[in-house]
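Peer 1: Take this structure, written in structure tokens, and hold onto it; I'll ask about it next.
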Amino acid sequence: MGRVTARDTLNRMGIMERITTWNRKHVLLADALYAVIISIFFTLMAGTNDSNPGIIAYFDHTVMAFWSFVLMVPVAMRRWKPQMATLLFAGLVVVQLAFGPSMVYADLMAPWMLYSAIVYADPRNSKAFIVLAVAIGALASPVIIWSADAGPILNQGVPFDGLSPLETCSGTYIYGLSGDCATTIATSSVAIFIFIAVYLFAAIIVAYWQRARRITVSMMHERNDALQAKEDEERHIAALAERARIARDMHDVVAHTLSIIIIQSDGGRYAGANNPALARQTMETIRHESERALHDMKRLLGVFGGSDHADYADVDALIDQARAAAGMGCTIRKTVSGQPRAAALGAQASTAMYRMVQEALTNVRKYGGPNVTVQISEIWGADGLHVTVADNGRGASSSLDGHKPGYGLIGMRERIGAVGGSVTSGPQLGGGFVVSGFVPYSTVSTQSEAAAPASESPNAASSAAVSSGAAIMPMAAPTTGTVSMATDTGNTGVVSNVANAPQSAVASQVGVVQPAGVTQPAGAKMPRPVSQMSSVPTQAPPAPITIRLRTILSALRSKPIQQASATGEQRLNWIERMSQWTERHYLLTDLLLTILVAWMLLSINPSVIYAEGLQLDNRFDRALTIIILIPLIFRRRFPESSALAVAILAALQLLFFEPVSLADILASLVALYSAVLYGRDKAWRWTGIAAISDSVLFGCKIFAAQTGYRSIFSMLTHPRPAYSLAATPAAFASAIMFMVISLALCISATAMAQWDRSSGSNALVLQAREEALRAEQAKQRILAANMERDRISESIQSEVTMTLTSVIDQAVAGLRILDDCERHGEQPSPGAISEAFAAIGSQGRAALAHMRKLLGVLRETGFSDEAHRQEQPGMQLRPAASLDKQLHDSQLHGIAS
């Protein structure tokens, strides 16, 4: 599986996303293009003026175009170097006021530059830039008025190219400044300064408002980028965890079985040499164990169902098996203290403790030596189960089969550590070896056990769940990570607990969901609802109406948005705090805005189109205005539902009612914009169809109104021959024109929403993306684990099958020798029996050595692929590709096939 490259991601982007991505990455070039376009527009506007006064002289349109172009240079740098660009713009404006025209069209960019300085520059300098902007505005006001009223210095009050000074100030340069001229200039300068101040104040409000939003947006971008950057690591960790699981289960199923086979063959080589019946029984045991291991291995590498006996309730059967395998020379005793509560362990803890006892008994058989006594102490305490397996054998020693010790104990610690337990192991002072483990009770299982009736079957809940096709997940100890669980048809769902856990912990905490149809281990119970627990005091359940009301009120609340505060020592001002408040309480904000818009529309005549000569009650118009504006309250909480409601109301109004109001047009455009911006990725498809439909109805409405009909419905139900299409070409042309205008407005609203959505400047959109990224990350972990398991299964299953089959073949060959002798009535020779067992033991040792090598490669290559490049290339770690990549590959495969 390959990684998804930036090129692959770019190829899947839409046009708008590509433009906004390019805009974010190339701010200087993007702003330079904007500046060129604006300067061309200003140059064309300057060409309409013959001349413009300045302090020094009159200037023609060429000079005005030059200054417009020069002032656009810092505009091109406004995001790249905002502080330097703003200072440069301010300096150029001062030079222009002193030596150039008093006003040029590029001066209109001053509020935009102030906005850029506040939003993009260092927040600590914002007040200084505001003071600078106000000072230049205060300077520009008298300069503009003086150059217009008194005229330039070089012209000395003489008219130029149709321009002349104010009559009261025409002799200023000759006779001095008169009282009337001074009053006029002062009054006009104040008026101009007030206009400039209002213009700058609006820019300041917008800038602070946007800066507060950018703080939150920037934080969300960082979180989203971190989630995307962690994707490869998360998939790597999930694949590592799955490899560790495979290694543990392979060790438990295969390595333990081969160890038993080797011991059985060594014992049968001597005990069965002169006892054909014992030799046959031993060979049958070896064959049975090999076939069982092969069956369990196929299940392990298939669906991870595991052995049917992998629960602590089956420890007694495990002890009996160990006694039979070890022979009469080994004594195993078990003591139980406390009240057994197997169901309280939880399935995962129960399995982990079973595997610990299995590992300890296997190590006793392998390393304990002859005449070993094993003491198993089982203590059921108030908080969990303590189990100790101690023997009086030789202690830790080297194996005779070349086994490299360590994997069994590693797997044991990983299993028990995953459920919040602990394990200690080591040789005893007086000889022998001891393994001690503890697992806590599962809280849910404990409550369920206390609440369950005595007559209830232990497996009733799990059986019901399995019969209904539900996936059962054993409960684990509480962890701090984020747990995600999913199941797919044909794939085992893997529970990943890797969001906040370290790599070593993750490798032991990825659980497996049992697929439907797999028997739940004995003693495991599904948690019961709290309302069914007799041990927990409960209250009467709320009434259904109360539950519905609470659900509705909960759905109507604004989704919480995690906002960031200002960086550094800067505190948010009142504008920024208000901005964040409206962002947090966007539902209430939309309610207030809707009320404000409704009040403004109701203050004027809301209806703009009527049938000729007809007029309805104004109260009816007002009611229609309020009704069609109501869905806008939920335009951000339920964007697509709100847009659908507006589209339906607009269609009904156009079909059956007479007026077409400003509310219809405004609500339709706002709802369309909101649905595309806040709705699903493909919401523009159905909203586009709705926009086209309503635009066609709008054109029909225009035609009906201009031909004297009250509505489209009345035109269809009561046609008038006098008003045919041929007789009213002007009405038809007007209808087409309004329909095109309506479509153009809808397309513009959709394009603006797509731009805002792809630009990553909206907190709600980024929050939705973060939720999608987290869900996708959980899927990626599951896919990585599943695909790593499937890939390792393909790589290793044939070798495991061949290994176990070789042992089975040797056992069958030995049984065939005994069968041949029995058919001929002969007594098999001790040498033949000894050779048969020797062949089985040799094959078992070779198989175990090979299996240990596979287990070593499986574990070690997961952490250091580069150091094991030449060992088992098929088992190198290869996490799953991204979901988009897999879907893309599957589509290509489907096309090719």
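Residue numbering restarts at 1 for every chain of the structure tokens, chains are lettered A, B, ... in their displayed order, and ligands are numbered from 1 as they appear.
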Once DSSP has gone over the backbone, tell me which residues of stretch 579-813 of chain A are in alpha helix (DSSP H), as number ranges by chain.

Peer 2: A: 579-584, 586-603, 618-629, 639-656, 662-678, 683-706, 712-717, 729-759, 763-813

Peer 1: What's the 10 Å shell around A:Ile37, counting only C-alpha atoms, without same-chain residues fewer than 6 positions away, as JSON, numbers by chain?

Peer 2: {"A": [31, 43, 72]}

Peer 1: Quick check, in Å to one decimal: how far apart do atom CA of A:Val419 and atom CA of A:Ala344 lie?

Peer 2: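 Separation of atom CA of A:Val419 and atom CA of A:Ala344: 12.9 Å.
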
Peer 1: Can you tell me, as a PyMOL selection string, what residues are no more than 8 Å from A:Ile416 when counting only C-alpha atoms, ignoring any on the same chain fewer than 5 positions away?

Peer 2: chain A and resi 349+352-353+421-423+437-439

Peer 1: Considering only C-alpha atoms, give me a table of residues in stretch 606-679 of chain A that are at most 6 Å from stretch 711-716 of chain A, with the closest atom pair and distance in Å for each, as a Markdown table.

Peer 2:
| residue | atom | partner | partner_atom | distance |
| --- | --- | --- | --- | --- |
| A:Leu655 | CA | A:Ile712 | CA | 5.0 |
| A:Phe656 | CA | A:Phe713 | CA | 5.5 |
| A:Phe657 | CA | A:Ser711 | CA | 5.6 |
| A:Glu658 | CA | A:Ser711 | CA | 5.1 |

Peer 1: Identify which of the residues A:Ala182, A:Ile808, A:Ala117, A:Gly814 lies closest to A:Thr257, counting only C-alpha atoms when measuring atom-to-atom distances.

Peer 2: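 Under the stated criterion, the closest residue is A:Ile808.
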